[in-house]
Structure formats: C-alpha cells, structure tokens
$ cat run_19.csv   # CSV, C-alpha atoms
chain,number,residue,atom,x,y,z
Z,1,MET,CA,4.2,37.6,-119.7
Z,2,ILE,CA,1.6,35.6,-117.7
Z,3,LEU,CA,4.4,33.5,-116.3
Z,4,GLU,CA,6.2,36.4,-114.8
Z,5,GLN,CA,3.0,37.6,-113.3
Z,6,LEU,CA,2.4,34.2,-111.7
Z,7,VAL,CA,5.9,34.0,-110.3
Z,8,THR,CA,5.9,37.5,-108.9
Z,9,SER,CA,2.4,37.3,-107.4
Z,10,PHE,CA,3.4,34.0,-105.7
Z,11,PHE,CA,6.4,35.6,-104.1
Z,12,ALA,CA,4.5,38.8,-103.2
Z,13,ALA,CA,1.8,36.8,-101.4
Z,14,ALA,CA,4.2,34.5,-99.6
Z,15,GLY,CA,6.5,37.5,-98.7
Z,16,PHE,CA,3.5,39.2,-97.1
Z,17,GLY,CA,2.9,36.0,-95.2
Z,18,VAL,CA,6.3,36.4,-93.7
Z,19,LEU,CA,5.6,40.0,-92.8
Z,20,PHE,CA,2.3,39.0,-91.2
Z,21,ASN,CA,4.0,36.2,-89.2
Z,22,ALA,CA,2.0,33.4,-90.8
Z,23,PRO,CA,3.1,29.9,-89.7
Z,24,LYS,CA,6.0,28.6,-91.7
Z,25,LYS,CA,4.3,25.5,-93.1
Z,26,SER,CA,1.4,27.5,-94.6
Z,27,LEU,CA,3.6,30.0,-96.5
Z,28,ILE,CA,3.5,28.1,-99.7
Z,29,GLN,CA,-0.3,27.7,-99.6
Z,30,CYS,CA,-0.5,31.5,-98.9
Z,31,GLY,CA,1.6,32.1,-102.0
Z,32,LEU,CA,-0.5,29.8,-104.2
Z,33,VAL,CA,-3.8,31.3,-103.0
Z,34,GLY,CA,-2.5,34.8,-103.9
Z,35,MET,CA,-1.2,33.5,-107.2
Z,36,PHE,CA,-4.5,32.1,-108.4
Z,37,GLY,CA,-6.4,35.2,-107.3
Z,38,TRP,CA,-4.0,37.4,-109.2
Z,39,LEU,CA,-4.1,35.0,-112.3
Z,40,MET,CA,-7.9,35.4,-112.4
Z,41,TYR,CA,-7.6,39.2,-112.1
Z,42,VAL,CA,-4.9,39.5,-114.8
Z,43,LEU,CA,-6.8,37.2,-117.2
Z,44,LEU,CA,-10.1,39.2,-116.8
Z,45,THR,CA,-8.5,42.7,-117.0
Z,46,ASN,CA,-6.6,41.5,-120.1
Z,47,GLN,CA,-10.0,40.7,-121.7
Z,48,GLY,CA,-10.9,44.4,-121.2
Z,49,ILE,CA,-13.1,43.8,-118.2
Z,50,ASP,CA,-13.1,46.7,-115.6
Z,51,ALA,CA,-10.9,46.4,-112.5
Z,52,VAL,CA,-13.8,46.3,-110.1
Z,53,PRO,CA,-15.7,43.2,-111.4
Z,54,SER,CA,-12.4,41.5,-112.0
Z,55,THR,CA,-11.5,42.1,-108.4
Z,56,VAL,CA,-14.8,40.6,-107.2
Z,57,ALA,CA,-14.2,37.4,-109.3
Z,58,ALA,CA,-10.6,37.2,-108.1
Z,59,SER,CA,-11.4,37.6,-104.4
Z,60,VAL,CA,-14.2,34.9,-104.7
Z,61,ILE,CA,-11.4,32.6,-106.0
Z,62,VAL,CA,-9.2,33.6,-103.1
Z,63,ALA,CA,-12.0,33.0,-100.6
Z,64,VAL,CA,-12.9,29.6,-102.0
Z,65,LEU,CA,-9.3,28.4,-102.0
Z,66,SER,CA,-8.7,29.8,-98.5
Z,67,GLN,CA,-11.8,27.9,-97.2
Z,68,LEU,CA,-10.4,24.7,-98.8
Z,69,CYS,CA,-7.0,25.3,-97.2
Z,70,ALA,CA,-8.5,26.1,-93.9
Z,71,LYS,CA,-10.5,22.9,-93.8
Z,72,LEU,CA,-7.6,20.8,-95.1
Z,73,TYR,CA,-5.0,22.1,-92.7
Z,74,LYS,CA,-7.3,22.9,-89.7
Z,75,THR,CA,-6.1,26.5,-89.3
Z,76,PRO,CA,-8.2,29.7,-89.2
Z,77,ILE,CA,-9.2,30.9,-92.6
Z,78,ILE,CA,-7.7,34.4,-91.9
Z,79,ILE,CA,-4.1,33.1,-92.6
Z,80,PHE,CA,-4.9,32.2,-96.2
Z,81,ASN,CA,-7.3,35.0,-97.3
Z,82,VAL,CA,-5.2,37.8,-95.7
Z,83,SER,CA,-2.1,36.8,-97.7
Z,84,GLY,CA,-4.2,35.8,-100.7
Z,85,ILE,CA,-5.9,39.1,-101.2
Z,86,ILE,CA,-2.6,41.0,-100.9
Z,87,PRO,CA,-1.9,41.2,-104.6
Z,88,LEU,CA,-5.5,42.5,-105.2
Z,89,VAL,CA,-5.5,45.1,-102.4
Z,90,PRO,CA,-5.5,48.7,-103.7
Z,91,GLY,CA,-2.4,49.8,-101.8
Z,92,GLY,CA,-0.8,51.2,-104.8
Z,93,LEU,CA,-3.9,53.2,-105.6
Z,94,ALA,CA,-4.3,54.5,-102.1
Z,95,TYR,CA,-0.7,55.7,-102.2
Z,96,ASP,CA,-1.2,57.3,-105.6
Z,97,ALA,CA,-4.3,59.1,-104.4
Z,98,MET,CA,-2.5,60.4,-101.3
Z,99,ARG,CA,0.4,61.6,-103.4
Z,100,ASN,CA,-1.9,63.6,-105.6
Z,101,PHE,CA,-3.6,65.0,-102.6
Z,102,VAL,CA,-0.4,66.3,-101.1
Z,103,GLU,CA,0.7,67.7,-104.4
Z,104,ASN,CA,-2.6,69.7,-104.6
Z,105,ASP,CA,-4.0,67.8,-107.6
Z,106,TYR,CA,-7.4,67.2,-106.0
Z,107,ASN,CA,-9.3,66.1,-109.1
Z,108,VAL,CA,-7.0,63.1,-109.9
Z,109,ALA,CA,-6.7,62.4,-106.2
Z,110,LEU,CA,-10.4,62.1,-105.6
Z,111,GLN,CA,-10.8,59.8,-108.7
Z,112,LEU,CA,-8.1,57.5,-107.5
Z,113,ALA,CA,-9.4,57.5,-103.9
Z,114,ALA,CA,-12.9,56.6,-105.2
Z,115,LYS,CA,-11.4,53.8,-107.2
Z,116,ALA,CA,-9.4,52.5,-104.2
Z,117,PHE,CA,-12.6,52.5,-102.1
Z,118,LEU,CA,-14.6,50.7,-104.8
Z,119,ILE,CA,-11.9,48.0,-105.2
Z,120,SER,CA,-11.6,47.4,-101.5
Z,121,GLY,CA,-15.4,47.1,-101.5
Z,122,ALA,CA,-15.1,44.6,-104.3
Z,123,ILE,CA,-12.7,42.5,-102.4
Z,124,ALA,CA,-14.9,42.6,-99.3
Z,125,ILE,CA,-17.9,41.6,-101.4
Z,126,GLY,CA,-16.0,38.7,-103.0
Z,127,LEU,CA,-14.9,37.4,-99.6
Z,128,VAL,CA,-18.3,37.8,-97.9
Z,129,PHE,CA,-20.1,36.4,-100.9
Z,130,SER,CA,-18.3,33.1,-100.8
Z,131,GLU,CA,-18.7,32.9,-97.0
Z,132,VAL,CA,-22.4,33.3,-97.5
Z,133,ILE,CA,-22.5,30.6,-100.1
Z,134,ASN,CA,-20.5,28.3,-97.8
Z,135,GLN,CA,-23.0,28.9,-95.0
Z,136,VAL,CA,-26.0,28.3,-97.3
Z,137,ILE,CA,-24.5,25.0,-98.5
Z,138,ARG,CA,-23.8,24.0,-94.9
Z,139,ARG,CA,-27.3,24.9,-93.7
Z,140,SER,CA,-29.0,23.1,-96.5
Z,141,ARG,CA,-27.0,20.0,-95.8
Z,142,PHE,CA,-28.0,20.1,-92.2
Z,143,GLY,CA,-31.6,20.6,-93.3
Z,144,LYS,CA,-31.7,17.2,-95.0
Q,1,MET,CA,-17.0,33.9,-52.7
Q,2,THR,CA,-14.9,31.4,-54.6
Q,3,ASN,CA,-17.6,31.4,-57.3
Q,4,ASN,CA,-17.0,35.1,-57.8
Q,5,GLN,CA,-13.2,34.7,-57.8
Q,6,ASN,CA,-13.6,32.0,-60.4
Q,7,LYS,CA,-15.7,34.3,-62.5
Q,8,ASN,CA,-13.1,37.0,-62.4
Q,9,GLU,CA,-10.5,34.5,-63.6
Q,10,ILE,CA,-12.7,33.6,-66.5
Q,11,ILE,CA,-13.1,37.2,-67.4
Q,12,LYS,CA,-9.3,37.7,-67.2
Q,13,VAL,CA,-8.7,34.7,-69.6
Q,14,CYS,CA,-11.3,36.0,-72.1
Q,15,LEU,CA,-10.0,39.5,-72.1
Q,16,LEU,CA,-6.4,38.3,-72.5
Q,17,ALA,CA,-7.4,36.1,-75.5
Q,18,GLY,CA,-9.4,39.0,-77.0
Q,19,LYS,CA,-6.5,41.5,-76.5
Q,20,ILE,CA,-4.0,39.3,-78.2
Q,21,MET,CA,-6.3,38.6,-81.2
Q,22,ILE,CA,-7.1,42.3,-81.7
Q,23,GLN,CA,-3.5,43.3,-81.5
Q,24,SER,CA,-2.7,40.6,-84.0
Q,25,GLY,CA,-5.2,41.7,-86.6
Q,26,ALA,CA,-8.0,39.2,-86.2
Q,27,GLU,CA,-11.5,40.0,-87.5
Q,28,THR,CA,-13.8,41.6,-85.0
Q,29,HIS,CA,-16.4,38.9,-85.1
Q,30,ARG,CA,-13.8,36.2,-84.6
Q,31,VAL,CA,-12.6,38.0,-81.4
Q,32,GLU,CA,-16.1,38.4,-80.0
Q,33,ASP,CA,-17.0,34.8,-80.9
Q,34,THR,CA,-13.8,33.4,-79.3
Q,35,MET,CA,-14.3,35.3,-76.1
Q,36,MET,CA,-17.9,34.1,-75.7
Q,37,ARG,CA,-17.0,30.5,-76.5
Q,38,ILE,CA,-14.3,30.5,-73.9
Q,39,ALA,CA,-16.6,31.9,-71.3
Q,40,SER,CA,-19.4,29.5,-72.1
Q,41,SER,CA,-17.2,26.5,-71.9
Q,42,PHE,CA,-16.1,27.5,-68.5
Q,43,GLY,CA,-19.7,27.6,-67.5
Q,44,SER,CA,-20.8,31.2,-68.0
Q,45,ARG,CA,-23.5,30.9,-70.6
Q,46,ASP,CA,-24.6,34.5,-70.7
Q,47,SER,CA,-21.7,36.7,-71.6
Q,48,GLN,CA,-21.6,40.0,-73.4
Q,49,SER,CA,-18.6,41.2,-75.4
Q,50,TYR,CA,-18.2,44.4,-77.4
Q,51,VAL,CA,-15.0,44.7,-79.4
Q,52,THR,CA,-13.5,47.7,-81.1
Q,53,PRO,CA,-9.9,48.1,-82.4
Q,54,THR,CA,-9.1,50.4,-79.4
Q,55,GLY,CA,-10.8,48.6,-76.6
Q,56,ILE,CA,-12.7,45.5,-75.5
Q,57,LEU,CA,-15.7,45.5,-73.1
Q,58,PHE,CA,-16.7,42.2,-71.6
Q,59,SER,CA,-19.0,41.0,-68.9
Q,60,ILE,CA,-20.5,37.8,-67.7
Q,61,GLU,CA,-23.7,37.4,-65.7
Q,62,GLY,CA,-23.5,37.4,-62.0
Q,63,THR,CA,-20.5,39.8,-61.7
Q,64,GLU,CA,-20.7,43.4,-60.6
Q,65,ALA,CA,-18.4,45.4,-62.8
Q,66,THR,CA,-17.9,45.4,-66.6
Q,67,ASN,CA,-14.3,44.6,-67.4
Q,68,PHE,CA,-12.4,46.7,-69.9
Q,69,VAL,CA,-9.1,46.4,-71.8
Q,70,ARG,CA,-7.5,49.3,-73.6
Q,71,ILE,CA,-5.6,48.5,-76.8
Q,72,SER,CA,-3.1,51.0,-78.0
Q,73,GLU,CA,-1.1,49.2,-80.6
Q,74,ARG,CA,-2.2,46.9,-83.5
Q,75,SER,CA,-0.3,45.0,-86.2
Q,76,THR,CA,-0.9,41.8,-88.1
Q,77,ASP,CA,0.4,38.6,-86.5
Q,78,LEU,CA,-1.3,35.6,-88.0
Q,79,HIS,CA,0.6,33.2,-85.9
Q,80,LYS,CA,-0.8,34.6,-82.7
Q,81,VAL,CA,-4.4,34.5,-84.1
Q,82,THR,CA,-3.9,30.8,-85.0
Q,83,VAL,CA,-2.5,29.9,-81.6
Q,84,VAL,CA,-5.3,31.7,-79.6
Q,85,ASN,CA,-7.8,30.1,-81.9
Q,86,SER,CA,-6.5,26.6,-81.2
Q,87,ILE,CA,-6.3,27.4,-77.4
Q,88,SER,CA,-9.9,28.4,-77.6
Q,89,ARG,CA,-10.8,25.1,-79.3
Q,90,GLN,CA,-9.0,23.1,-76.7
Q,91,ILE,CA,-10.9,25.0,-74.0
Q,92,THR,CA,-14.2,24.3,-75.7
Q,93,SER,CA,-13.4,20.6,-76.0
Q,94,GLY,CA,-12.6,20.6,-72.3
Q,95,GLU,CA,-8.9,19.8,-72.6
Q,96,LEU,CA,-7.7,22.9,-70.7
Q,97,THR,CA,-8.3,24.2,-67.2
Q,98,LEU,CA,-8.7,27.8,-66.4
Q,99,ILE,CA,-5.3,28.1,-64.9
Q,100,GLU,CA,-3.5,26.3,-67.8
Q,101,ALA,CA,-5.4,28.5,-70.3
Q,102,ASN,CA,-4.3,31.6,-68.5
Q,103,ARG,CA,-0.7,30.5,-68.5
Q,104,LEU,CA,-0.7,29.5,-72.2
Q,105,LEU,CA,-2.3,32.8,-73.2
Q,106,LYS,CA,0.3,34.8,-71.3
Q,107,GLU,CA,3.0,32.9,-73.1
Q,108,VAL,CA,1.4,33.8,-76.5
Q,109,ASP,CA,1.1,37.4,-75.4
Q,110,ALA,CA,4.8,37.7,-74.6
Q,111,LYS,CA,5.9,36.0,-77.9
Q,112,THR,CA,7.7,38.1,-80.5
Q,113,HIS,CA,7.8,37.7,-84.3
Q,114,THR,CA,8.8,34.1,-85.4
Q,115,TYR,CA,10.9,35.4,-88.3
Q,116,SER,CA,14.1,37.3,-87.6
Q,117,ILE,CA,14.4,41.0,-88.6
Q,118,PHE,CA,16.8,40.0,-91.4
Q,119,ILE,CA,14.2,37.5,-92.9
Q,120,GLN,CA,11.5,40.1,-92.6
Q,121,VAL,CA,13.6,42.8,-94.4
Q,122,LEU,CA,14.4,40.2,-97.1
Q,123,ALA,CA,10.7,39.3,-97.5
Q,124,ALA,CA,9.8,43.0,-97.7
Q,125,SER,CA,12.4,43.6,-100.5
Q,126,ILE,CA,11.2,40.6,-102.5
Q,127,VAL,CA,7.6,41.8,-102.1
Q,128,SER,CA,8.7,45.3,-103.4
Q,129,GLY,CA,10.5,43.9,-106.4
Q,130,CYS,CA,7.6,41.6,-107.3
Q,131,PHE,CA,5.0,44.4,-107.0
Q,132,THR,CA,7.0,46.5,-109.4
Q,133,ILE,CA,6.7,43.7,-112.0
Q,134,MET,CA,3.0,43.2,-111.1
Q,135,PHE,CA,2.3,46.8,-111.8
Q,136,GLN,CA,3.7,46.3,-115.4
Q,137,GLY,CA,7.1,47.6,-114.5
Q,138,GLN,CA,10.3,46.7,-116.4
Q,139,TRP,CA,12.7,44.0,-115.1
Q,140,THR,CA,15.4,46.7,-115.1
Q,141,ASP,CA,13.5,48.3,-112.2
Q,142,PHE,CA,13.3,45.0,-110.2
Q,143,ILE,CA,16.7,45.4,-108.5
Q,144,PRO,CA,16.3,49.1,-107.6
Q,145,ALA,CA,12.8,48.4,-106.1
Q,146,LEU,CA,14.3,45.4,-104.2
Q,147,ILE,CA,16.9,47.5,-102.6
Q,148,VAL,CA,14.8,50.6,-101.9
Q,149,GLY,CA,11.9,48.5,-100.5
Q,150,GLY,CA,14.2,46.5,-98.2
Q,151,ILE,CA,15.9,49.7,-96.9
Q,152,GLY,CA,12.5,51.4,-96.6
Q,153,PHE,CA,11.0,48.6,-94.5
Q,154,ALA,CA,14.2,48.3,-92.3
Q,155,SER,CA,14.1,52.0,-91.6
Q,156,MET,CA,10.4,51.8,-90.8
Q,157,VAL,CA,11.1,49.1,-88.2
Q,158,TYR,CA,14.0,51.1,-86.8
Q,159,PHE,CA,12.1,54.4,-86.6
Q,160,HIS,CA,9.2,52.7,-85.0
Q,161,ARG,CA,11.5,51.6,-82.2
Q,162,ILE,CA,12.7,55.1,-81.4
Q,163,VAL,CA,9.5,57.1,-82.1
Q,164,GLU,CA,6.4,55.7,-80.5
Q,165,ILE,CA,4.1,57.5,-82.9
Q,166,GLN,CA,3.6,55.2,-86.0
Q,167,PHE,CA,2.7,58.2,-88.2
Q,168,PHE,CA,6.3,59.6,-88.0
Q,169,ALA,CA,7.9,56.2,-88.5
Q,170,GLU,CA,5.9,55.7,-91.7
Q,171,PHE,CA,6.6,59.3,-92.8
Q,172,LEU,CA,10.3,59.0,-92.3
Q,173,ALA,CA,10.5,55.6,-94.0
Q,174,SER,CA,8.7,56.8,-97.1
Q,175,LEU,CA,10.8,60.0,-97.1
Q,176,ILE,CA,13.8,57.6,-97.3
Q,177,ILE,CA,12.1,55.5,-100.0
Q,178,GLY,CA,11.4,58.6,-102.1
Q,179,SER,CA,14.9,60.0,-101.8
Q,180,LEU,CA,16.6,56.6,-102.6
Q,181,ALA,CA,14.3,56.1,-105.6
Q,182,LEU,CA,15.2,59.5,-106.9
Q,183,LEU,CA,18.9,58.7,-106.3
Q,184,PHE,CA,18.7,55.5,-108.4
Q,185,ILE,CA,17.0,57.3,-111.2
Q,186,HIS,CA,19.6,60.0,-111.0
Q,187,LEU,CA,22.4,57.4,-111.3
Q,188,ASP,CA,20.6,55.9,-114.3
Q,189,ILE,CA,20.1,52.5,-112.5
Q,190,GLY,CA,16.3,52.4,-112.8
Q,191,GLN,CA,14.0,53.7,-115.4
Q,192,GLU,CA,10.5,54.4,-114.2
Q,193,LEU,CA,10.4,56.4,-110.9
Q,194,ASP,CA,6.7,55.7,-110.2
Q,195,LYS,CA,7.0,51.9,-110.6
Q,196,ILE,CA,10.0,51.7,-108.3
Q,197,ILE,CA,8.3,53.8,-105.6
Q,198,ILE,CA,4.9,52.0,-105.8
Q,199,GLY,CA,6.7,48.6,-105.5
Q,200,SER,CA,8.8,49.9,-102.6
Q,201,VAL,CA,6.0,51.4,-100.5
Q,202,MET,CA,3.8,48.2,-100.8
Q,203,PRO,CA,5.2,46.6,-97.6
Q,204,LEU,CA,4.1,49.8,-95.7
Q,205,VAL,CA,0.9,50.6,-97.5
Q,206,PRO,CA,-2.4,49.9,-95.6
Q,207,GLY,CA,-4.2,48.0,-98.4
Q,208,LEU,CA,-5.2,45.2,-96.0
Q,209,LEU,CA,-6.5,47.7,-93.4
Q,210,ILE,CA,-8.8,49.3,-96.0
Q,211,THR,CA,-10.2,46.0,-97.1
Q,212,ASN,CA,-10.7,44.9,-93.4
Q,213,ALA,CA,-12.4,48.2,-92.7
Q,214,VAL,CA,-14.9,47.7,-95.5
Q,215,ARG,CA,-15.5,44.1,-94.4
Q,216,ASP,CA,-16.2,45.2,-90.8
Q,217,LEU,CA,-18.6,47.8,-92.1
Q,218,MET,CA,-20.5,45.2,-94.1
Q,219,ALA,CA,-20.6,42.8,-91.2
Q,220,GLY,CA,-22.3,45.5,-89.1
Q,221,HIS,CA,-19.2,46.4,-86.9
Q,222,LEU,CA,-19.6,50.1,-87.7
Q,223,VAL,CA,-17.3,51.5,-85.0
Q,224,SER,CA,-14.5,49.0,-85.9
Q,225,GLY,CA,-14.9,49.7,-89.6
Q,226,LEU,CA,-14.7,53.4,-89.2
Q,227,SER,CA,-11.7,53.4,-86.9
Q,228,LYS,CA,-9.8,51.0,-89.1
Q,229,GLY,CA,-10.6,53.2,-92.0
Q,230,ALA,CA,-9.2,56.2,-90.1
Q,231,GLU,CA,-6.1,54.3,-89.3
Q,232,ALA,CA,-5.6,53.3,-93.0
Q,233,PHE,CA,-6.2,56.9,-94.0
Q,234,LEU,CA,-3.5,58.2,-91.6
Q,235,THR,CA,-1.0,55.6,-92.9
Q,236,ALA,CA,-1.7,56.4,-96.5
Q,237,PHE,CA,-1.4,60.1,-95.7
Q,238,ALA,CA,2.0,59.6,-93.9
Q,239,ILE,CA,3.4,57.7,-96.9
Q,240,GLY,CA,2.1,60.1,-99.5
Q,241,ALA,CA,3.4,63.1,-97.5
Q,242,GLY,CA,6.8,61.4,-97.1
Q,243,ILE,CA,7.2,60.8,-100.8
Q,244,ALA,CA,6.0,64.3,-101.7
Q,245,VAL,CA,8.5,65.9,-99.3
Q,246,ALA,CA,11.2,63.8,-101.0
Q,247,PHE,CA,10.1,65.1,-104.4
Q,248,SER,CA,10.1,68.7,-103.3
Q,249,PHE,CA,13.9,68.5,-102.8
Q,250,ILE,CA,14.6,68.1,-106.5

$ encode --input "run_19.csv" --output "structure tokens"
Amino acid sequence: MILEQLVTSFFAAAGFGVLFNAPKKSLIQCGLVGMFGWLMYVLLTNQGIDAVPSTVAASVIVAVLSQLCAKLYKTPIIIFNVSGIIPLVPGGLAYDAMRNFVENDYNVALQLAAKAFLISGAIAIGLVFSEVINQVIRRSRFGK
Amino acid sequence: MTNNQNKNEIIKVCLLAGKIMIQSGAETHRVEDTMMRIASSFGSRDSQSYVTPTGILFSIEGTEATNFVRISERSTDLHKVTVVNSISRQITSGELTLIEANRLLKEVDAKTHTYSIFIQVLAASIVSGCFTIMFQGQWTDFIPALIVGGIGFASMVYFHRIVEIQFFAEFLASLIIGSLALLFIHLDIGQELDKIIIGSVMPLVPGLLITNAVRDLMAGHLVSGLSKGAEAFLTAFAIGAGIAVAFSFI
C-alpha cells in the first residue's frame, strides 16, 4: 500500500520533471524529492491529521531536500522544489472545484476551491518557512 | 558616446536574460535579482528592475529611456532557468564579456525542448497513470488513465500549435479526455470515471501556477501573484468546462 504510493509518486514527480524540461541528470533526484514529500503527506494523513498541516510538513521536507540537492549539484533550487511539490499540489482539487462550478453545484465548488487555496497556501508556507530557517542559520553563522 | 552604447548593450543583455527566465517559469525575485547582478558586474551599480509575468521594466543610471520587454507566452522550462542562472554566475565572476553573454543568451532563447514530443507524451501518460493510483484509484484504472492522459497531453500540444489561444487548446484537450474516459467506462475497461479523469488531467492542471501565485503574493510581488492566479483560474476553468461539455453528451 505504502510501496505503491512511493513508486507512483516517484514516477509522477520525475515525469513532471520531463514535462518541465528539467536537466536529464537531475530527474532521479526530482523523483526522490517528490517521493519523500508524498511519503510524509501520506503517513500524516493516514494518522488522521488534516490535509493542510500535513501539506505544510510535506513541503518543508521537499524544501529541505531541494536545498540539499541544490547545494550538492550546484543547480538552482527551483528544479528540485518545482518537481518535488508536484504530488502535493492541489491540481485535482482545482479541477474538481471547477467541474462543480460549471455543473452549477456552487456549494460544493466553493468548498473545494477554498480547500485548494488553503493547500496551495500551505505549500507556499512550507517552502518559505524552510527558506527563512536557512537564511537565519546562514546569517547566524556569519555573525560568529 | 561609446559609454552610452555600452550601457544600451548591458540593458539588452539583462532584458534578454530576464525574458527567457520569465518565459521559462522562474520565480519573480530570481529574475529581478539575476538582472541586477548582471548589470552590476558590467559596472552599472544602480539599476532598477520591475518584473511582472507579462512585462519587464528595466533601467540603469545614466541612460535616458526606460527599457521594456513585453512577454506574451509563458511555460515551465527548468533547463533554460538553469542555463541563464549559470550564465549570470559566469558574468558575475568575470568570465564572460558583454558580447559573449549576449550571444550565449540568444542561443538559449532559440533553444527548444530537450526531450522529444514522444518522450513528453510518454512522461505525461506515466504521470496520469501514477496520479490515478495516488488518488486511491484501483490498478484496473491505471491503463485507461495512462492512455487517456497520453492522448490528452498530445492533443493539447497539437491544438496549441494550431490555435494561438491557450484557453481553447486546454478546453479541446480536456473535452477529448472526458469523452475518451467515458468511452473506456462504457467499454467496461475502467471502473471509476472520476479517478481516470483526475489522473488524466493532471499534466494539464495548473497546480504549480496556483502555488507559485501564493508564493509570489507572500514575497510581496502582488501584481505577479494576482496575474499568475488569474492565469491558473483560466486554465482550471478551461479544463472544468471541457470535461463538463463531454459529460453533457451522455
């Protein structure tokens, strides 16, 4: 059960790496970053934790791993975190919301849209949060 | 006089670098930062850049006019972002002259996708199949989602070549996805219509745009954030409408 989630999220993230024209040699890292983020999300939601805090935690993992990869391979961080957050991104929700809108089911549609907005906010918070921590660590090191 | 000419050259290089980055989906702050770094390493310390998804304003001190680039089409191309980033690094460390930088950037600008269309369609279909499983779908729906997603992405690329307006390309592609998914269910090859469709539309869906929009808003790039949000809304609307039209035929 967890295994199939791991395998599919790896291929989904790496596949999006291809669609986004990521360099060939970083595709595997893209897949791995996406896989660990999704693993965190699945583990937390299985524990009954709400999707929004789970997404924050998962995107922090994605951001930290992307920073490591960016430093290790000397490439811009955007390659790894863009492909890494793909499994978390509320594309399915956004689509669901829109489908309900065009089918005149506004109540369901608004709920789904609000959820999609919150989850994308959660991803952004997770990414920004780890960037801020990184900056704080770097600054305090220079301070010494 | 030569000084002024030189400054115009610097502006051209900066604008070209910025244009490629915005068209390839780089973050707004990265674009502004890269342009100012390039300018300052060519000796213009005081430069101003204002970047939105649809246009870049850039000026350096000592010149008369503000320079402006209009951007009409955007996608995500991480390879170009990486290359421009490394060109900017080489400029900052003094390894590239102005003329060389200009030539290199023009080369990057003209480059097309590294992966062939076939590989891209293959990737899109694998992504579709995998997302069906990730959304708790059954493995029996894996193959239908694989096929529908691949055809959906291929038709989106095809329609985008004939119709300039992205909205219609997305609308027609999702119309095809909806109809094909219905066909598969009808033929009893798949089980859950919703899972197949959600998986198949994932390569088209603007999940990344929504997230980037919120990130830009948080970073204080209010105009960029709002316009990316509007773009994401239009895409989601096109996809939802396409699927709904397909459903209305039953």

$ closest_residue --input "run_19.csv" --among "Q:Gln90, Q:Gln166, Q:Asn67, Q:Thr132" --to "Leu234 in chain Q" --atoms "all atoms listed in the file"
Q:Gln166

$ closest_residue --input "run_19.csv" --among "Q:Ile22, Q:Leu15, Q:Ala232, Q:Thr97" --to "Leu57 in chain Q" --atoms "all atoms listed in the file"
Q:Leu15

$ closest_residue --input "run_19.csv" --among "Z:Ala63, Z:Ala114, Z:Val136, Z:Val108" --to "Val82 in chain Z" --atoms "only C-alpha atoms"
Z:Ala63

$ closest_residue --input "run_19.csv" --among "Q:Gln48, Q:Leu204, Q:Lys19, Q:Phe184" --to "Leu172 in chain Q" --atoms "only C-alpha atoms"
Q:Leu204

$ closest_atom_pairs --input "run_19.csv" --of "chain Z" --to "chain Q" --cutoff "9 Å" --atoms "only C-alpha atoms" --output "CSV"
residue,atom,partner,partner_atom,distance
Z:Glu4,CA,Q:Ile133,CA,7.8
Z:Gln5,CA,Q:Met134,CA,6.0
Z:Val7,CA,Q:Cys130,CA,8.3
Z:Thr8,CA,Q:Cys130,CA,4.7
Z:Ser9,CA,Q:Cys130,CA,6.7
Z:Phe10,CA,Q:Cys130,CA,8.8
Z:Phe11,CA,Q:Val127,CA,6.6
Z:Ala12,CA,Q:Val127,CA,4.5
Z:Ala13,CA,Q:Val127,CA,7.7
Z:Ala14,CA,Q:Ala123,CA,8.3
Z:Gly15,CA,Q:Ala123,CA,4.7
Z:Phe16,CA,Q:Val127,CA,7.0
Z:Gly17,CA,Q:Leu78,CA,8.3
Z:Val18,CA,Q:Gln120,CA,6.5
Z:Leu19,CA,Q:Gln120,CA,5.9
Z:Phe20,CA,Q:Asp77,CA,5.1
Z:Asn21,CA,Q:Asp77,CA,5.1
Z:Ala22,CA,Q:Leu78,CA,4.9
Z:Pro23,CA,Q:His79,CA,5.6
Z:Lys24,CA,Q:Thr114,CA,8.8
Z:Thr75,CA,Q:Thr82,CA,6.5
Z:Pro76,CA,Q:Thr82,CA,6.1
Z:Ile78,CA,Q:Ala26,CA,7.5
Z:Ile79,CA,Q:Leu78,CA,5.9
Z:Val82,CA,Q:Leu208,CA,7.4
Z:Ile85,CA,Q:Leu208,CA,8.0
Z:Ile86,CA,Q:Leu208,CA,7.0
Z:Pro87,CA,Q:Phe131,CA,8.0
Z:Leu88,CA,Q:Gly207,CA,8.8
Z:Val89,CA,Q:Gly207,CA,5.1
Z:Pro90,CA,Q:Gly207,CA,5.5
Z:Gly91,CA,Q:Gly207,CA,4.2
Z:Gly92,CA,Q:Ile198,CA,5.8
Z:Leu93,CA,Q:Ile198,CA,8.9
Z:Ala94,CA,Q:Ala236,CA,6.5
Z:Tyr95,CA,Q:Ala236,CA,5.8
Z:Asp96,CA,Q:Gly240,CA,7.5
Z:Ala97,CA,Q:Gly240,CA,8.1
Z:Met98,CA,Q:Gly240,CA,4.9
Z:Arg99,CA,Q:Gly240,CA,4.5
Z:Asn100,CA,Q:Gly240,CA,8.1
Z:Phe101,CA,Q:Gly240,CA,8.1
Z:Val102,CA,Q:Ala241,CA,6.1
Z:Glu103,CA,Q:Ala244,CA,6.9
Z:Ala116,CA,Q:Ile210,CA,8.8
Z:Phe117,CA,Q:Ile210,CA,7.9
Z:Ile119,CA,Q:Thr211,CA,8.5
Z:Ser120,CA,Q:Thr211,CA,4.8
Z:Gly121,CA,Q:Val214,CA,6.1
Z:Ala122,CA,Q:Thr211,CA,8.8
Z:Ile123,CA,Q:Thr211,CA,6.8
Z:Ala124,CA,Q:Arg215,CA,5.2
Z:Ile125,CA,Q:Arg215,CA,7.8
Z:Leu127,CA,Q:Arg215,CA,8.5
Z:Val128,CA,Q:Arg215,CA,7.7

$ residues_around --input "run_19.csv" --residues "range 152-162 of chain Q" --least-positions-apart "5" --cutoff "6 Å" --atoms "all atoms listed in the file" --output "number ranges by chain"
Q: 121, 169, 173, 177

$ write_last_selection --input "run_19.csv" --atoms "C-alpha atoms" --output "PDB file, in the frame of the given file"
ATOM      1  CA  VAL Q 121      13.600  42.800 -94.400  1.00  0.00           C
ATOM      2  CA  ALA Q 169       7.900  56.200 -88.500  1.00  0.00           C
ATOM      3  CA  ALA Q 173      10.500  55.600 -94.000  1.00  0.00           C
ATOM      4  CA  ILE Q 177      12.100  55.500-100.000  1.00  0.00           C
TER       5      ILE Q 177
END

$ atom_distance --input "run_19.csv" --atom1 "CA of Ala109 in chain Z" --atom2 "CA of Gly149 in chain Q"
23.9 Å

$ atom_distance --input "run_19.csv" --atom1 "CA of Cys14 in chain Q" --atom2 "CA of Leu96 in chain Q"
13.7 Å
